[in-house]
Amino acid sequence: MISPIFIGSGLRTKILEALARGIPIISTSIEKNLITSLMDGHDIYITDSLNSFLVKTIKLLKDASSRKSISQNAKQQFNNHLEYNLLIQSRIDCYN
């Protein structure tokens with residue numbers, strides 16, 4: 001999934017859904033700042049330039065090994081740190 005977000009705030013649900021499904025993501029540092037546990041090149045590709053978006057998109061399309069690795073790591077990242085139940089519980093804990 002390509003998510004070229006250059007302005008805005010708040011967590012995008014599409015990013016969480018893509019992580020949960022193991023869909024490789026190419027996004028900007030804005031997303032990285034919202035989900036600090038994400039690591040560029042490990043479970044997401046982070047870039048802020050058009051040229052780098054193109055390079056990383058082509059890499060994912062051509063390199064099955066990178067695609068598989070990013071996909072598996074993204075899903076593991078979601079399951080370990082971002083699962084919906086964990087997010088809901090952390091919000092409940094804030095109010096208790």
# chains A, B, ... in the order shown; residues from 1 in each chain; ligands from 1
call {"tool": "residues_around", "arguments": {"residues": "region 37-46 of chain A", "least_positions_apart": "2", "cutoff": "6 Å", "atoms": "only C-alpha atoms", "output": "list in words"}}
result
Ile25, Ile26, Ser27, Thr28, Ser29, Ile35, Ile70, Asn73 and Ala74 of chain A
call {"tool": "atom_distance", "arguments": {"atom1": "CA of Leu61 (chain A)", "atom2": "CA of Gly22 (chain A)"}}
result
15.1 Å
call {"tool": "select_by_dssp", "arguments": {"residues": "region 22-90 of chain A", "states": "strand (DSSP E)", "output": "list in words"}}
result
Ile26, Ser27, Tyr45 and Ile46 of chain A
call {"tool": "write_last_selection", "arguments": {"atoms": "N, CA and C atoms", "output": "compact mmCIF listing (two decimals), in the first residue's frame"}}
result
# COMPACT_ATOMS: atom_id res chain seq x y z
N ILE A 26 4.35 1.60 2.05
CA ILE A 26 5.32 2.66 1.79
C ILE A 26 4.62 3.94 2.21
N SER A 27 5.19 4.64 3.17
CA SER A 27 4.56 5.85 3.68
C SER A 27 5.62 6.89 4.03
N TYR A 45 8.22 0.77 4.72
CA TYR A 45 9.19 1.62 4.05
C TYR A 45 8.77 3.06 4.30
N ILE A 46 9.69 3.88 4.79
CA ILE A 46 9.44 5.28 5.09
C ILE A 46 10.25 6.14 4.14
